[in-house]
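Below you'll find the structure, written out as structure tokens, and then a few comments.
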4 protein chains.
Amino acid sequence: PYAELAAISSVSFEGKTLPEVYPSMAKRISLTLGCEDEVIGSCDVVFASLPHGLSQETAARCDRAGKLFIDLGADFRLESEEDYKEWYGGEFADKGLHHKAVYGIPELFREEIRGKSLIANPGCYPTSAALGLAPLLKGRLIETNSIVIDSKSGVTGAGRGLTQTTHFPDCNEAFSPYKVASHRHTPEIEQTLSRLSGEKLTVTFVPHLLPINRGILSTIYASANKPLTLEELHALYLEFYKDEPFVRIMPAGEAVNVRNVRCSNYCDISLHFDKRTGRAIVASVIDNMVKGAAGQAIQNMNLCRGLPETSGLEMIPPAF
Amino acid sequence: PYAELAAISSVSFEGKTLPEVYPSMAKRISLTLGCEDEVIGSCDVVFASLPHGLSQETAARCDRAGKLFIDLGADFRLESEEDYKEWYGGEFADKGLHHKAVYGIPELFREEIRGKSLIANPGCYPTSAALGLAPLLKGRLIETNSIVIDSKSGVTGAGRGLTQTTHFPDCNEAFSPYKVASHRHTPEIEQTLSRLSGEKLTVTFVPHLLPINRGILSTIYASANKPLTLEELHALYLEFYKDEPFVRIMPAGEAVNVRNVRCSNYCDISLHFDKRTGRAIVASVIDNMVKGAAGQAIQNMNLCRGLPETSGLEMIPPAF
Amino acid sequence: PYAELAAISSVSFEGKTLPEVYPSMAKRISLTLGCEDEVIGSCDVVFASLPHGLSQETAARCDRAGKLFIDLGADFRLESEEDYKEWYGGEFADKGLHHKAVYGIPELFREEIRGKSLIANPGCYPTSAALGLAPLLKGRLIETNSIVIDSKSGVTGAGRGLTQTTHFPDCNEAFSPYKVASHRHTPEIEQTLSRLSGEKLTVTFVPHLLPINRGILSTIYASANKPLTLEELHALYLEFYKDEPFVRIMPAGEAVNVRNVRCSNYCDISLHFDKRTGRAIVASVIDNMVKGAAGQAIQNMNLCRGLPETSGLEMIPPAF
Amino acid sequence: PYAELAAISSVSFEGKTLPEVYPSMAKRISLTLGCEDEVIGSCDVVFASLPHGLSQETAARCDRAGKLFIDLGADFRLESEEDYKEWYGGEFADKGLHHKAVYGIPELFREEIRGKSLIANPGCYPTSAALGLAPLLKGRLIETNSIVIDSKSGVTGAGRGLTQTTHFPDCNEAFSPYKVASHRHTPEIEQTLSRLSGEKLTVTFVPHLLPINRGILSTIYASANKPLTLEELHALYLEFYKDEPFVRIMPAGEAVNVRNVRCSNYCDISLHFDKRTGRAIVASVIDNMVKGAAGQAIQNMNLCRGLPETSGLEMIPPAF
């Protein structure tokens with residue numbers, strides 16, 4: 001309600017109207033896809049979804065023009081240039097700009113985000129992992145070297161580019177892990193978790209491709225470092241997220257389901273405790289395209305601009 | 001080729017022909033579903049898929065009649081009556097019969113199975129977990145208290161009974177964990193893994209419901225107890241399973257996919273090593289209705305009767 | 001925006017909160033499901049989704065209490081009691097009430113709906129068929145005895161009750177026609193089409209069950225009764241629906257897709273002409289739960305109450 | 001059982017082993033994909049799946065070498081060069097070769113196929129349409145200008161090449177018609193139906209893309225040209241196909257389902273009669289990759305070589 005869609009650009013679809021690319025938007029959005037210049041020229045806030053390496057230049061232009069830049073790509077997520085080099089193979093073009101960037105998970109870093117002008121919008125997997133683990137890490141309740149994150153994502157997470165993996169007959173009625181313990185979201189997850197725990201930690205992270213359109217479920221395992229009960233775990237999360245509009249803790253005994261957050265900005269979390277092995281098990285779900293991307297970007301815009309944090313994000317997930 | 005389908009029975013469908021229940025079998029199998037007596041009376045080998053608690057009596061009848069009894073249910077899987085009481089709430093009706101029962105994963109317990117007359121056909125999850133972990137445990141290469149098994153199963157695993165969870169709109173485009181760290185297959189998994197490792201161990205086991213018809217993928221995490229490389233891991237599994245007709249080790253660097261084993265008796269396994277955290281990661285896939293149920297039952301029959309182990313099980317999984 | 005959800009009732013779930021039944025609504029709607037009395041007592045507008053035969057009594061109560069009653073069931077859709085008897089096996093409890101009822105497809109019968117107090121909200125298939133055929137029938141361009149309606153519906157159309165047909169493994173990777181030329185929506189379709197054409201006509205209507213959650217696509221065939229071109233057909237529809245907020249005519253040469261209307265109140269229509277056989281082919285899509293049910297009900301409420309017709313219905317269908 | 005896979009070739013995958021392309025075949029088929037020369041050189045029977053236009057040359061080479069050539073592409077399906085030009089845009093390179101070609105639907109043209117050396121293996125849609133309509137046309141029971149064929153195909157029908165339409169998120173939870181009344185299988189369907197009916201006829205044919213992997217369902221509508229009952233219709237089909245091993249007529253009152261023929265060479269047919277409009281409705285299902293392609297090709301090979309017609313085709317469709 002506080003924003004107006006002024007211009008959009010695309011390299012692949014320049015010159016087409018949005019409904020020509022997405023017929024579902026016919027009669028509602030008639031903008032023609034233009035070039036980056038038009039967007040930067042006519043907007044106060046610029047959202048960018050670019051292949052990694054490309055948004056540094058756009059960010060610099062927005063910075064010079066005094067625009068709020070929200071980067072849905074990976075260029076500004078990692079604070080360490082070394083990590084960026086190792087995992088993405090690139091360099092920081094302008095270190096000063098990287099210093100300005102704030103990593104935007106509002107539930108965890110709200111005060112730092114307010115009023116800023118360059119936001120690194122988090123990856124989808126890292127959002128689900130960080131929200132799932134934050135209370136345990138801040139509460140110092142787990143062995144920090146025991147974390148295993150087993151994540152499963154719908155196919156929109158792989159983008160719109162055509163690949164054999166995402167060809168319907170290859171993908172439907174199929175299921176497999178990919179980039180096992182080598183996905184680029186690993187250092188981003190570790191950066192946030194290290195920050196939350198106050199110590200440098202590493203995790204095992206394995207993503208899988210789910211034959212559904214939307215949704216990420218992360219099943220997170222960590223050994224408790226002291227006796228713990230399910231009730232304590234549940235109470236901890238309820239308290240930690242009690243004022244958060246977009247985090248919902250499932251009733252004790254119930255498990256999350258990706259379908260409950262579809263098309264919404266919610267992160268649902270369920271708590272479980274394996275008392276036979278002393279492991280806390282946290283399951284978190286988000287819609288990878290909303291809380292895991294565009295929705296969180298709007299939430300960040302709201303924070304940066306001092307708007308009500310939930311504005312534009314009030315969709316109730318459809319039951320089916 | 002060595003067997004003939006002589007009689008089938010069903011409580012729910014008694015009196016119907018098989019094609020009335022499964023039209024896909026029209027023109028091929030015209031048997032009418034009868035009662036248990038008819039089956040026991042006319043068959044040399046009896047396969048039973050009964051709710052737990054009910055097959056003990058049938059097993060006893062087959063035992064008295066000198067029939068080979070292969071139980072696809074859970075009654076004879078657990079050696080410990082205490083475990084059976086705790087997880088299934090029942091008792092061993094005839095302890096002698098339980099002594100006769102052999103747990104039937106041919107790849108791990110082939111010699112014990114040969115010639116026996118009462119087989120406890122393993123659960124689907126336990127088969128995928130045991131085949132995935134056997135080489136590591138027999139090789140004493142992992143911390144036995146570090147095992148996490150994150151499994152995902154297609155919906156046929158939930159049976160044919162109607163539930164809200166398996167109603168198409170509730171299940172399609174959905175994904176969730178269930179019976180987190182409390183599934184009845186847990187003690188069965190632990191029994192086999194303890195036997196393989198030579199020490200009593202516990203594991204964390206979390207199943208999830210995948211919106212596909214068939215297939216189980218288990219992603220298994222365990223900390224190496226000594227320096228290890230992916231190459232060593234891969235070589236270990238190739239050697240361990242080198243003579244097995246139904247186990248296929250993926251080329252190094254490739255991951256398993258449930259679709260590659262669909263409608264077949266194969267178990268595919270891929271190996272991964274997270275050198276940053278020292279965890280071995282094993283992914284195994286089976287078709288829950290074949291290697292996880294009926295196919296393994298036939299393999300057990302072949303072993304018990306001295307037939308070629310692969311006979312009747314030579315289906316090549318369709319590519320799509 | 002002009003309505004408030006004051007009370008809801010349910011026979012199956014009485015006493016539960018809405019999020020206990022649909023966890024996707026947690027944090028947003030906390031109402032407890034009560035009984036019919038509470039709803040009629042506390043609401044100005046009552047929406048009913050009841051098995052056929054049951055809403056006549058509720059309608060009568062609302063009528064006496066001066067409430068607007070919008071019936072999503074079938075009781076008031078058929079004007080002919082004979083047809084109702086033949087297809088539903090029941091009788092009109094109060095003929096006067098049936099006289100008050102208006103059949104609510106706003107695009108076709110807007111003026112009759114305005115200000116009324118008893119609305120028969122149309123069936124999902126009849127909505128897609130009537131909107132698809134109205135311009136051709138009003139324009140007298142087709143042989144009225146040549147109409148074939150081949151419809152395909154997502155599984156939510158079958159309701160939430162458990163059946164073998166809608167059990168995931170039976171339904172997934174499956175596709176079949178059902179109630180071929182005998183579905184209860186047939187007389188409802190014929191009633192509307194007869195009204196539009198000014199003559200009593202019959203149609204062949206065959207529904208099929210699609211393995212998706214939401215959406216109806218009707219492919220409609222009719223022989224032109226005079227020479228016709230695709231351009232004329234396209235122009236006719238553009239003109240007929242030019243002021244309609246919820247009908248979208250696809251660009252010539254493009255076909256509709258159920259995914260373009262998902263979670264929205266839109267009806268998309270594409271036009272095709274088989275010049276080799278002289279048949280007009282119209283394809284129309286709706287979301288069976290929105291334009292085919294709850295959305296159209298709200299549109300009707302808006303009309304009855306003099307509210308802006310699109311209020312509460314402004315969802316843009318998500319691209320995926 | 002009577003054939004041996006001697007060599008395979010591929011332009012896209014030359015040099016790879018078959019399991020590198022389809023891991024599901026690991027341990028079973030280890031052939032390396034070579035070039036066309038190797039296949040023609042080492043095989044007695046050559047099956048070709050080539051883009052249209054390309055198999056004429058291969059057919060000529062096989063003809064000169066005395067090999068049986070079974071073409072799964074479209075080059076030899078149309079008898080009329082004019083039709084071929086109009087719909088495929090090419091020419092007949094060698095008219096003599098086209099004269100030798102036989103159109104291979106064994107159930108309809110068995111005697112012509114026996115002993116031949118060049119088979120035009122039919123398209124998937126044409127197979128389902130021709131088997132569905134043959135008894136009605138041969139029996140002269142329908143108005144030949146009233147035929148509407150509404151077909152729905154799984155996504156493997158679109159081939160393995162990558163397209164936006166078959167990208168999982170575009171295709172899943174989606175459904176749409178395509179190439180409405182303009183699909184290249186139209187003249188092939190008309191050619192067969194004209195041959196069966198003894199008069200040149202045209203049909204309206206509309207294909208749709210189903211979000212499943214395998215299967216075609218054709219719902220076929222035709223007006224009876226004389227009074228007809230469902231019982232007569234059903235009896236006609238039972239009689240017509242009574243000796244056919246691969247055609248199954250559903251019991252009266254039951255409808256076909258694509259899942260009942262999956263992974264098999266069956267064509268299931270159900271009969272329906274709309275007595276209100278006098279239309280016969282036939283629904284036929286096949287697996288587009290088996291009876292609609294490779295299975296029928298093997299059936300043709302068996303016929304050409306005098307082998308038992310069902311050999312190699314005895315798969316029972318899995319229930320799920």
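Residue numbers start at 1 in each chain; chains themselves are named A, B, ... in the order of the structure tokens; ligands are numbered from 1 in the order shown.
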
Item to check | Residues within 12 Å of stretch 315-317 of chain C, only C-alpha atoms, excluding chain neighbours under 3 positions, as a PyMOL selection string | outcome: (chain A and resi 19+22-29+263+314-316+318) or (chain C and resi 215+246+257-268+286-287+290-291+295+310-312+320)

Checklist entry - So which bits of stretch 143-296 of chain A end up strand (DSSP E) when you DSSP the backbone, as number ranges by chain? => result A: 148-153, 176-177, 204-209, 216-223, 247-249, 267-274, 279-286

For the residues in the current selection, export N, CA and C atoms as a compact mmCIF listing (two decimals), in the first residue's frame.
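Produced file selection.txt, reproduced below:
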```
# COMPACT_ATOMS: atom_id res chain seq x y z
N VAL A 148 23.53 -30.42 12.02
CA VAL A 148 23.28 -30.98 10.68
C VAL A 148 21.99 -30.35 10.17
N ILE A 149 22.04 -29.79 8.96
CA ILE A 149 20.87 -29.14 8.36
C ILE A 149 20.51 -29.89 7.09
N ASP A 150 19.40 -30.60 7.14
CA ASP A 150 18.95 -31.38 5.99
C ASP A 150 17.77 -30.61 5.40
N SER A 151 17.99 -29.96 4.25
CA SER A 151 16.96 -29.08 3.67
C SER A 151 16.39 -29.66 2.39
N LYS A 152 15.14 -29.30 2.14
CA LYS A 152 14.44 -29.77 0.95
C LYS A 152 13.73 -28.57 0.34
N SER A 153 13.96 -28.34 -0.95
CA SER A 153 13.38 -27.16 -1.59
C SER A 153 12.54 -27.51 -2.80
N SER A 176 16.04 -36.17 -4.89
CA SER A 176 17.46 -36.44 -4.72
C SER A 176 18.15 -35.30 -4.00
N PRO A 177 19.25 -35.62 -3.34
CA PRO A 177 20.09 -34.56 -2.78
C PRO A 177 20.94 -33.97 -3.89
N THR A 204 27.07 -29.05 8.75
CA THR A 204 26.86 -29.89 7.57
C THR A 204 25.51 -29.51 6.99
N PHE A 205 25.53 -29.12 5.70
CA PHE A 205 24.30 -28.67 5.06
C PHE A 205 24.08 -29.46 3.76
N VAL A 206 22.96 -30.13 3.67
CA VAL A 206 22.64 -30.91 2.47
C VAL A 206 21.26 -30.53 1.93
N PRO A 207 21.22 -29.92 0.75
CA PRO A 207 19.93 -29.60 0.15
C PRO A 207 19.42 -30.74 -0.75
N HIS A 208 18.11 -30.81 -0.88
CA HIS A 208 17.46 -31.81 -1.75
C HIS A 208 16.43 -31.09 -2.61
N LEU A 209 16.15 -31.67 -3.77
CA LEU A 209 15.15 -31.08 -4.66
C LEU A 209 13.82 -31.81 -4.55
N ILE A 216 10.39 -24.47 1.28
CA ILE A 216 11.61 -25.08 1.81
C ILE A 216 11.28 -25.63 3.19
N LEU A 217 11.71 -26.85 3.44
CA LEU A 217 11.65 -27.39 4.79
C LEU A 217 13.07 -27.76 5.18
N SER A 218 13.52 -27.21 6.32
CA SER A 218 14.82 -27.61 6.85
C SER A 218 14.61 -28.40 8.13
N THR A 219 15.16 -29.61 8.14
CA THR A 219 15.14 -30.41 9.36
C THR A 219 16.52 -30.27 9.97
N ILE A 220 16.56 -29.75 11.18
CA ILE A 220 17.84 -29.35 11.78
C ILE A 220 18.08 -30.19 13.03
N TYR A 221 19.28 -30.76 13.10
CA TYR A 221 19.64 -31.63 14.21
C TYR A 221 20.79 -31.02 14.99
N ALA A 222 20.71 -31.02 16.30
CA ALA A 222 21.83 -30.53 17.12
C ALA A 222 21.76 -31.19 18.49
N SER A 223 22.92 -31.56 19.00
CA SER A 223 22.96 -32.22 20.31
C SER A 223 22.87 -31.19 21.43
N VAL A 247 6.69 -15.16 12.30
CA VAL A 247 7.16 -16.48 12.76
C VAL A 247 6.04 -17.12 13.58
N ARG A 248 5.73 -18.34 13.26
CA ARG A 248 4.69 -19.06 13.99
C ARG A 248 5.27 -20.37 14.54
N ILE A 249 5.14 -20.56 15.83
CA ILE A 249 5.61 -21.79 16.46
C ILE A 249 4.44 -22.77 16.50
N CYS A 267 7.26 -17.91 8.46
CA CYS A 267 8.16 -19.02 8.76
C CYS A 267 7.51 -19.79 9.90
N ASP A 268 7.14 -21.04 9.65
CA ASP A 268 6.59 -21.88 10.70
C ASP A 268 7.71 -22.77 11.24
N ILE A 269 7.71 -22.97 12.54
CA ILE A 269 8.76 -23.77 13.18
C ILE A 269 8.12 -24.79 14.11
N SER A 270 8.58 -26.04 14.01
CA SER A 270 8.11 -27.02 15.00
C SER A 270 9.32 -27.58 15.76
N LEU A 271 9.09 -27.89 17.01
CA LEU A 271 10.15 -28.35 17.90
C LEU A 271 9.93 -29.81 18.27
N HIS A 272 11.05 -30.51 18.34
CA HIS A 272 11.01 -31.92 18.66
C HIS A 272 12.26 -32.24 19.47
N PHE A 273 12.17 -33.21 20.34
CA PHE A 273 13.35 -33.57 21.11
C PHE A 273 13.47 -35.09 21.16
N ASP A 274 14.64 -35.59 20.75
CA ASP A 274 14.87 -37.03 20.77
C ASP A 274 15.58 -37.35 22.07
N ARG A 279 19.18 -35.27 21.21
CA ARG A 279 19.23 -34.29 20.12
C ARG A 279 17.97 -33.44 20.06
N ALA A 280 18.18 -32.14 19.92
CA ALA A 280 17.07 -31.25 19.58
C ALA A 280 16.87 -31.33 18.08
N ILE A 281 15.60 -31.36 17.67
CA ILE A 281 15.29 -31.39 16.25
C ILE A 281 14.32 -30.25 15.98
N VAL A 282 14.71 -29.39 15.06
CA VAL A 282 13.89 -28.23 14.73
C VAL A 282 13.52 -28.35 13.26
N ALA A 283 12.25 -28.19 12.95
CA ALA A 283 11.86 -28.18 11.55
C ALA A 283 11.28 -26.80 11.24
N SER A 284 11.80 -26.18 10.20
CA SER A 284 11.29 -24.86 9.83
C SER A 284 10.88 -24.86 8.37
N VAL A 285 9.81 -24.13 8.07
CA VAL A 285 9.36 -24.02 6.68
C VAL A 285 9.13 -22.57 6.30
N ILE A 286 9.47 -22.26 5.07
CA ILE A 286 9.16 -20.96 4.48
C ILE A 286 8.74 -21.20 3.03
```

Checklist entry - In Å, with one decimal, what is the gap from atom CA of A:Val11 to atom CA of A:Cys35? => result 7.2 Å

Checklist entry - When the cut-off is 10 Å and we count only C-alpha atoms, which residues of chain A are near chain D, given as a count of residues only? => result 24

Skip D:Glu81 itself and residues of its chain fewer than 6 positions away, then list as an mmCIF file with N, CA, C and O atoms, in the first residue's frame all residues within 12 Å of it, counting only C-alpha atoms.
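Generated output (result-v2.cif):
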```cif
data_model
loop_
_atom_site.group_PDB
_atom_site.id
_atom_site.type_symbol
_atom_site.label_atom_id
_atom_site.label_comp_id
_atom_site.auth_asym_id
_atom_site.auth_seq_id
_atom_site.Cartn_x
_atom_site.Cartn_y
_atom_site.Cartn_z
ATOM 1 N N ASP D 75 8.132 -39.678 -40.668
ATOM 2 C CA ASP D 75 8.405 -39.579 -42.105
ATOM 3 C C ASP D 75 7.589 -40.505 -43.000
ATOM 4 O O ASP D 75 7.291 -40.158 -44.147
ATOM 5 N N TRP D 87 1.744 -30.458 -43.621
ATOM 6 C CA TRP D 87 1.853 -30.515 -42.164
ATOM 7 C C TRP D 87 3.286 -30.568 -41.667
ATOM 8 O O TRP D 87 3.573 -30.159 -40.544
ATOM 9 N N TYR D 88 4.204 -31.109 -42.479
ATOM 10 C CA TYR D 88 5.587 -31.219 -42.029
ATOM 11 C C TYR D 88 6.549 -30.373 -42.841
ATOM 12 O O TYR D 88 7.702 -30.215 -42.479
ATOM 13 N N GLY D 89 6.080 -29.888 -43.961
ATOM 14 C CA GLY D 89 6.931 -28.997 -44.734
ATOM 15 C C GLY D 89 8.042 -29.678 -45.504
ATOM 16 O O GLY D 89 8.976 -29.016 -45.959
ATOM 17 N N GLY D 90 7.976 -31.002 -45.696
ATOM 18 C CA GLY D 90 9.059 -31.687 -46.419
ATOM 19 C C GLY D 90 8.545 -32.458 -47.617
ATOM 20 O O GLY D 90 7.362 -32.395 -47.955
ATOM 21 N N GLU D 91 9.433 -33.159 -48.243
ATOM 22 C CA GLU D 91 9.057 -33.955 -49.413
ATOM 23 C C GLU D 91 9.430 -35.416 -49.206
ATOM 24 O O GLU D 91 10.231 -35.747 -48.340
ATOM 25 N N PHE D 92 8.838 -36.259 -50.035
ATOM 26 C CA PHE D 92 9.209 -37.672 -50.022
ATOM 27 C C PHE D 92 10.489 -37.819 -50.827
ATOM 28 O O PHE D 92 10.512 -37.600 -52.048
ATOM 29 N N ALA D 93 11.576 -38.208 -50.177
ATOM 30 C CA ALA D 93 12.865 -38.300 -50.872
ATOM 31 C C ALA D 93 12.841 -39.430 -51.912
ATOM 32 O O ALA D 93 13.403 -39.309 -52.990
ATOM 33 N N ASP D 94 12.167 -40.523 -51.584
ATOM 34 C CA ASP D 94 12.160 -41.684 -52.480
ATOM 35 C C ASP D 94 10.765 -42.298 -52.414
ATOM 36 O O ASP D 94 10.423 -43.008 -51.476
ATOM 37 N N LYS D 95 9.979 -42.003 -53.441
ATOM 38 C CA LYS D 95 8.576 -42.440 -53.400
ATOM 39 C C LYS D 95 8.437 -43.960 -53.317
ATOM 40 O O LYS D 95 7.509 -44.489 -52.717
ATOM 41 N N HIS D 98 8.492 -45.058 -49.836
ATOM 42 C CA HIS D 98 7.230 -44.767 -49.157
ATOM 43 C C HIS D 98 6.163 -45.798 -49.510
ATOM 44 O O HIS D 98 5.312 -46.116 -48.687
ATOM 45 N N HIS D 99 6.252 -46.325 -50.722
ATOM 46 C CA HIS D 99 5.311 -47.379 -51.104
ATOM 47 C C HIS D 99 5.520 -48.654 -50.309
ATOM 48 O O HIS D 99 4.588 -49.404 -50.034
ATOM 49 N N PRO D 187 -3.645 -35.117 -39.524
ATOM 50 C CA PRO D 187 -3.797 -35.855 -40.797
ATOM 51 C C PRO D 187 -3.538 -37.342 -40.634
ATOM 52 O O PRO D 187 -4.127 -38.156 -41.364
#
```

Next on the checklist: If I take atom CA of D:Glu188 and atom CA of D:Ile113, how far is one from the other in Å, to one decimal?
Outcome noted: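 These two atoms are separated by 17.4 Å.
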
Checklist entry - Between atom CA of D:Ser55 and atom CA of D:Gly104, what is the spacing in Å? => result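 Answer for the atom CA of D:Gly104 to atom CA of D:Ser55 separation: 16.2 Å.
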
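Contact shell of D:Leu238 at 10 Å (only C-alpha atoms; same-chain neighbours under 3 positions omitted): D:Pro135, D:Glu232, D:Leu233, D:His234, D:Ala235, D:Tyr241, D:Lys242, D:Asp243, D:Glu244, D:Val247, D:Arg248, D:Ile249, D:Met250, D:Pro251, D:Ile269.
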
Residues from last step as file, all heavy atoms, as a compact mmCIF listing (two decimals), in the first residue's frame:
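That gives us again-v2.txt:
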```txt
# COMPACT_ATOMS: atom_id res chain seq x y z
N PRO D 135 -14.03 -49.75 -34.01
CA PRO D 135 -15.28 -50.53 -34.08
C PRO D 135 -16.47 -49.68 -34.54
O PRO D 135 -17.30 -50.16 -35.33
CB PRO D 135 -15.46 -51.03 -32.64
CG PRO D 135 -14.08 -51.03 -32.06
CD PRO D 135 -13.40 -49.84 -32.67
N GLU D 232 -25.25 -52.31 -26.54
CA GLU D 232 -24.83 -52.64 -27.89
C GLU D 232 -23.40 -52.16 -28.16
O GLU D 232 -22.59 -52.86 -28.76
CB GLU D 232 -25.78 -51.99 -28.93
CG GLU D 232 -27.16 -52.65 -28.97
CD GLU D 232 -28.20 -51.78 -29.67
OE1 GLU D 232 -27.90 -50.59 -29.94
OE2 GLU D 232 -29.30 -52.27 -29.93
N LEU D 233 -23.15 -50.96 -27.71
CA LEU D 233 -21.82 -50.38 -27.89
C LEU D 233 -20.76 -51.26 -27.21
O LEU D 233 -19.72 -51.60 -27.79
CB LEU D 233 -21.83 -48.98 -27.24
CG LEU D 233 -20.82 -47.94 -27.63
CD1 LEU D 233 -20.82 -47.69 -29.12
CD2 LEU D 233 -21.14 -46.62 -26.89
N HIS D 234 -21.04 -51.62 -25.98
CA HIS D 234 -20.12 -52.43 -25.21
C HIS D 234 -19.91 -53.80 -25.87
O HIS D 234 -18.77 -54.27 -26.01
CB HIS D 234 -20.68 -52.60 -23.78
CG HIS D 234 -19.69 -53.09 -22.80
ND1 HIS D 234 -19.80 -54.32 -22.20
CD2 HIS D 234 -18.55 -52.55 -22.32
CE1 HIS D 234 -18.78 -54.51 -21.38
NE2 HIS D 234 -18.00 -53.44 -21.42
N ALA D 235 -20.98 -54.39 -26.31
CA ALA D 235 -20.89 -55.71 -26.97
C ALA D 235 -20.08 -55.61 -28.26
O ALA D 235 -19.27 -56.49 -28.58
CB ALA D 235 -22.29 -56.24 -27.26
N TYR D 241 -12.58 -56.64 -30.36
CA TYR D 241 -11.23 -56.82 -29.83
C TYR D 241 -11.07 -58.15 -29.09
O TYR D 241 -10.13 -58.31 -28.31
CB TYR D 241 -10.89 -55.65 -28.90
CG TYR D 241 -10.63 -54.35 -29.65
CD1 TYR D 241 -11.40 -53.20 -29.41
CD2 TYR D 241 -9.61 -54.25 -30.60
CE1 TYR D 241 -11.15 -52.01 -30.10
CE2 TYR D 241 -9.36 -53.06 -31.29
CZ TYR D 241 -10.14 -51.95 -31.04
OH TYR D 241 -9.88 -50.78 -31.71
N LYS D 242 -11.96 -59.10 -29.32
CA LYS D 242 -11.96 -60.29 -28.45
C LYS D 242 -10.68 -61.12 -28.49
O LYS D 242 -10.32 -61.76 -27.53
CB LYS D 242 -13.19 -61.16 -28.71
CG LYS D 242 -13.22 -61.88 -30.03
CD LYS D 242 -14.44 -62.83 -30.05
CE LYS D 242 -14.40 -63.72 -31.27
NZ LYS D 242 -14.58 -62.98 -32.53
N ASP D 243 -9.96 -61.07 -29.59
CA ASP D 243 -8.73 -61.86 -29.66
C ASP D 243 -7.46 -61.03 -29.48
O ASP D 243 -6.36 -61.53 -29.67
CB ASP D 243 -8.66 -62.57 -31.01
CG ASP D 243 -9.80 -63.56 -31.17
OD1 ASP D 243 -10.19 -64.17 -30.16
OD2 ASP D 243 -10.30 -63.70 -32.30
N GLU D 244 -7.64 -59.79 -29.16
CA GLU D 244 -6.46 -58.92 -29.07
C GLU D 244 -5.79 -59.03 -27.71
O GLU D 244 -6.41 -58.77 -26.68
CB GLU D 244 -6.87 -57.46 -29.32
CG GLU D 244 -7.24 -57.17 -30.76
CD GLU D 244 -6.08 -57.48 -31.72
OE1 GLU D 244 -4.91 -57.42 -31.28
OE2 GLU D 244 -6.36 -57.81 -32.89
N VAL D 247 -5.57 -55.15 -26.04
CA VAL D 247 -6.70 -54.24 -25.87
C VAL D 247 -7.62 -54.81 -24.80
O VAL D 247 -7.95 -56.00 -24.83
CB VAL D 247 -7.48 -54.05 -27.19
CG1 VAL D 247 -8.67 -53.11 -26.98
CG2 VAL D 247 -6.56 -53.51 -28.28
N ARG D 248 -7.96 -53.95 -23.84
CA ARG D 248 -8.85 -54.39 -22.76
C ARG D 248 -10.07 -53.47 -22.72
O ARG D 248 -9.91 -52.25 -22.65
CB ARG D 248 -8.12 -54.35 -21.42
CG ARG D 248 -6.84 -55.17 -21.39
CD ARG D 248 -6.20 -55.26 -20.01
NE ARG D 248 -5.74 -53.99 -19.50
CZ ARG D 248 -4.92 -53.85 -18.45
NH1 ARG D 248 -4.49 -54.93 -17.79
NH2 ARG D 248 -4.54 -52.66 -18.05
N ILE D 249 -11.25 -54.06 -22.78
CA ILE D 249 -12.47 -53.27 -22.70
C ILE D 249 -12.92 -53.24 -21.24
O ILE D 249 -13.07 -54.29 -20.62
CB ILE D 249 -13.58 -53.89 -23.59
CG1 ILE D 249 -13.08 -54.10 -25.02
CG2 ILE D 249 -14.84 -53.03 -23.55
CD1 ILE D 249 -12.60 -52.86 -25.72
N MET D 250 -13.10 -52.05 -20.70
CA MET D 250 -13.50 -51.94 -19.30
C MET D 250 -14.91 -52.50 -19.12
O MET D 250 -15.74 -52.44 -20.02
CB MET D 250 -13.53 -50.47 -18.88
CG MET D 250 -12.21 -49.76 -18.93
SD MET D 250 -10.97 -50.41 -17.79
CE MET D 250 -11.65 -49.92 -16.19
N PRO D 251 -15.19 -53.05 -17.93
CA PRO D 251 -16.57 -53.47 -17.65
C PRO D 251 -17.52 -52.29 -17.86
O PRO D 251 -17.14 -51.13 -17.62
CB PRO D 251 -16.52 -53.85 -16.16
CG PRO D 251 -15.09 -54.15 -15.87
CD PRO D 251 -14.29 -53.28 -16.80
N ILE D 269 -10.03 -49.40 -23.07
CA ILE D 269 -11.09 -48.60 -23.69
C ILE D 269 -12.35 -48.71 -22.83
O ILE D 269 -12.73 -49.80 -22.41
CB ILE D 269 -11.39 -49.12 -25.12
CG1 ILE D 269 -10.16 -48.91 -26.01
CG2 ILE D 269 -12.61 -48.42 -25.71
CD1 ILE D 269 -10.31 -49.49 -27.42
```
